[in-house]
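One structure is given here, and the rest of the page talks about it.
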Amino acid sequence: MWEISKMNLNRLTRSIAVLGLGLVTSAPVSAQNLFAPVAKVNESIVTEFEVQQRRRFLEVLNAPGATRDGALNSLIDERLRNEAVAEAGIELTPQGIADSLSEFASRADLSTEEFTQALGQSGISPETFRDFVVNSIGWRELVRARYASRVQITDAEIDRALGESNGSGVRVLVSEIIIPAPPQQAARVNTLAEQISQSKSAAEFSNYASRYSATASRGRGGHLPWQNLTDLPPSLQPLILSLAPGEVTDPLPIPNAVALFQLRDIEETNVTAPTYSAIEYATYYIPGGRTEAALAQAASIRGRIDRCDDLYGIAKGQPAEVLERVTQAPAEIPQDVAIELSKLDPGEVSTTLTRANGQTLMLLMMCGRTAAANASASREDVTNALRQERLTGYAEQLLEQLRADARIVRK
């Protein structure tokens, strides 16, 4: 699940003017019947009309995944989320739906009616907008109901996060373990992760890292070099600060994996560590997951690129969705991606992560960081950011499980 930023919404009017009228014209010629089924998710059907509408909607919002495959994947995930919401007995009130539509439209400084009219000028039906928002808020309510009790943000965590955002010079020495956890192995991996979280020494944790971790640091027993605390993902910073040297975090669920971190040492410095308002990164997707062939392809690509622009040459002639390049605020970056980016300098690459239940390898490249200028945050801002980051991790894990359990047939 991804969020639409206000910056993208503010480009709505410009996007509509550029895109013009009518539906997407790049749909397959064979799809003459707009209401022909193109996928079946358990007992639910996705039609060609819905795919074209969703793609158009994503294009207008300048959102990621604005391709035919991206639109279809979005709708398949939406069906899975809708089923889970219905099974949980969650019902949305008409007023709640109206308020959510209004709030979404207000991000573009428009009323619901103005926003709907603007979409209509680009051939997008009101139902497409409504379905997208209703699914998002229903899923959000489900995730909160199921996982909110597990997310406890303490005053100490908020204090530490606020202190760090104000520029405290803190460096940490940590070790990491990231264990691949495809849905069919999730239970076994979760049990192992709980066992690792009880490690009593750096040597014990290092031994686990050498045996089970999928990161490049595995050969070093999971040891990472000194890092500025501000380079770590926002949700991870208070967790690390809450540890005494030798202690280990609770297992952190991330897509297709579980992560654990051990604090080895911490120190204050005389130099204020920089904070960042935005991070730019690129992802090139390689079929095959962590197979030998896919990892060899990634290694070959790594040897031929020095900066993110070089990836366009690698992806030339391939479908647009194999390469994504985005700029996001640190709190908006998926937790697993943020963890990997925290270890990279511009031009460096990670091949730790996967998508599609482990079937697709992510070649992740750091493009650059934008320093924050006069950044400030309230206690409420910090609390919400920490809570949202942790809930997002649970939501991504739940959706992966729903995909693994579903019967999905693409026509």
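Residue numbering restarts at 1 in every chain; chains get A, B, ... in the order shown in the structure tokens, and ligands count up from 1 in that same order.
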
Spatial neighbours of Val337 of chain A, max dist 12 Å, only C-alpha atoms, sep filter under 3 positions, as a ChimeraX atom specification: /A:232-233,254-257,259,279-283,326,328,330-334,340-344,349-355,362-366,393

Applying 12 Å and only C-alpha atoms, which residues near Leu80 of chain A remain after dropping the ones on its own chain fewer than 5 positions away? List them as a PDB file with C-alpha atoms, in the first residue's frame.
ATOM      1  CA  MET A   1       0.000   0.000   0.000  1.00  0.00           C
ATOM      2  CA  LYS A  40      -9.959 -13.342 -10.778  1.00  0.00           C
ATOM      3  CA  VAL A  41      -9.050 -12.920  -7.103  1.00  0.00           C
ATOM      4  CA  ASN A  42     -10.668 -15.724  -5.145  1.00  0.00           C
ATOM      5  CA  GLU A  43     -14.324 -15.155  -6.187  1.00  0.00           C
ATOM      6  CA  SER A  44     -13.936 -11.522  -7.247  1.00  0.00           C
ATOM      7  CA  ILE A  45     -13.470 -10.347 -10.858  1.00  0.00           C
ATOM      8  CA  VAL A  46     -11.293  -7.470 -12.126  1.00  0.00           C
ATOM      9  CA  ASN A  73      -1.564  -5.276  -9.387  1.00  0.00           C
ATOM     10  CA  SER A  74      -3.136  -2.367  -7.512  1.00  0.00           C
ATOM     11  CA  LEU A  75      -6.641  -3.695  -8.171  1.00  0.00           C
ATOM     12  CA  VAL A  85     -11.994  -5.779   5.690  1.00  0.00           C
ATOM     13  CA  ALA A  86     -15.312  -7.527   5.050  1.00  0.00           C
ATOM     14  CA  GLU A  87     -14.258 -10.638   6.983  1.00  0.00           C
ATOM     15  CA  ASN A 135     -10.507   0.738   0.080  1.00  0.00           C
ATOM     16  CA  SER A 136      -7.709   2.806   1.594  1.00  0.00           C
ATOM     17  CA  GLY A 138     -11.182   0.428   5.201  1.00  0.00           C
ATOM     18  CA  TRP A 139      -7.732  -1.144   5.102  1.00  0.00           C
ATOM     19  CA  LEU A 398      -0.422  -8.829   6.253  1.00  0.00           C
ATOM     20  CA  LEU A 399      -0.890  -8.056   2.549  1.00  0.00           C
ATOM     21  CA  GLU A 400       1.949 -10.423   1.623  1.00  0.00           C
ATOM     22  CA  GLN A 401       0.188 -13.148   3.620  1.00  0.00           C
ATOM     23  CA  LEU A 402      -3.138 -12.434   1.882  1.00  0.00           C
ATOM     24  CA  ARG A 403      -1.447 -12.711  -1.521  1.00  0.00           C
ATOM     25  CA  ALA A 404       0.126 -16.033  -0.582  1.00  0.00           C
ATOM     26  CA  ASP A 405      -3.198 -17.478   0.599  1.00  0.00           C
ATOM     27  CA  ALA A 406      -5.299 -16.198  -2.319  1.00  0.00           C
ATOM     28  CA  ARG A 407      -6.271 -17.836  -5.614  1.00  0.00           C
ATOM     29  CA  ILE A 408      -5.221 -15.247  -8.202  1.00  0.00           C
TER      30      ILE A 408
END

Per DSSP on the backbone, what are the helix (DSSP H, G or I) residues of segment 193-232 of chain A, as a short mmCIF file (atom, residue, chain, number, x, y, z; two decimals) with C-alpha atoms, in the first residue's frame?
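For reference, selection.cif as written:
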data_model
loop_
_atom_site.label_atom_id
_atom_site.label_comp_id
_atom_site.auth_asym_id
_atom_site.auth_seq_id
_atom_site.Cartn_x
_atom_site.Cartn_y
_atom_site.Cartn_z
CA ALA A 193 13.58 -14.33 15.22
CA GLU A 194 12.11 -14.45 18.73
CA GLN A 195 14.94 -16.79 19.71
CA ILE A 196 17.56 -14.45 18.25
CA ALA A 202 27.60 -9.81 20.58
CA ALA A 203 29.22 -13.14 19.74
CA GLU A 204 25.91 -15.03 19.95
CA PHE A 205 24.12 -12.46 17.76
CA SER A 206 27.03 -12.48 15.29
CA ASN A 207 26.80 -16.26 15.01
CA TYR A 208 23.10 -16.02 14.17
CA ALA A 209 23.86 -13.34 11.56
CA SER A 210 26.47 -15.54 9.87
CA ARG A 211 23.97 -18.41 9.65
CA TYR A 212 20.68 -16.73 8.77
CA ALA A 216 25.96 -8.14 2.71
CA SER A 217 27.12 -7.82 6.33
CA ARG A 218 26.55 -11.53 6.89
CA GLY A 219 30.23 -12.27 6.23
CA ARG A 220 31.12 -9.84 9.03
CA LEU A 229 21.76 8.05 14.28
CA THR A 230 20.01 10.43 11.86
CA ASP A 231 20.97 8.18 8.93
#

Close residues, Arg54 of chain A itself excluded, 7 Å, only C-alpha atoms, min 4 positions apart in chain, as a PyMOL selection string: chain A and resi 50+58+71+128

For the selection just defined, write its residues with N, CA, C and O atoms to a file, as a short mmCIF file (atom, residue, chain, number, x, y, z; two decimals), in the first residue's frame.
data_model
loop_
_atom_site.label_atom_id
_atom_site.label_comp_id
_atom_site.auth_asym_id
_atom_site.auth_seq_id
_atom_site.Cartn_x
_atom_site.Cartn_y
_atom_site.Cartn_z
N GLU A 50 -11.86 -1.47 -15.31
CA GLU A 50 -11.27 -1.06 -14.04
C GLU A 50 -9.77 -0.83 -14.18
O GLU A 50 -9.22 0.11 -13.58
N LEU A 58 -3.93 6.80 -11.66
CA LEU A 58 -2.55 6.87 -11.19
C LEU A 58 -1.72 7.84 -12.01
O LEU A 58 -0.86 8.55 -11.49
N ALA A 71 -1.41 -0.98 -12.56
CA ALA A 71 -2.83 -0.79 -12.27
C ALA A 71 -3.50 -2.11 -11.90
O ALA A 71 -4.30 -2.19 -10.97
N THR A 128 -14.31 5.34 -9.66
CA THR A 128 -12.90 4.99 -9.56
C THR A 128 -12.25 5.70 -8.38
O THR A 128 -11.50 5.11 -7.59
#

Selected residue of minimal separation from Thr275 of chain A among A:Gly317, A:Pro126, A:Pro346, A:Pro234, counting only C-alpha atoms: A:Pro234

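With atom CA of Arg387 of chain A on one side and atom CA of Gln237 of chain A on the other, the separation reads 12.9 Å.
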
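Across the structure, atom CA of Leu34 of chain A and atom CA of Thr47 of chain A are spaced 6.9 Å apart.
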
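Neighbouring residues of Thr112 of chain A at 8 Å or closer, counting only C-alpha atoms and skipping chain neighbours under 4 positions away, are A:Leu101, A:Ser102, A:Ala105, A:Ser106, A:Thr116.
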
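Interatomic distance, atom CA of Arg264 of chain A against atom CA of Ser242 of chain A: 12.6 Å.
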
Per-residue DSSP, segment 232-376 of chain A, filtered to strand (DSSP E), as a PyMOL selection string: chain A and resi 252-254+257-268+276-287+323-328+349-350+354-355+360-371

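Using only C-alpha atoms, the smallest distance between any of A:Leu142, A:Ala108, A:Ala148, A:Val38 and Leu391 of chain A comes from A:Ala148.
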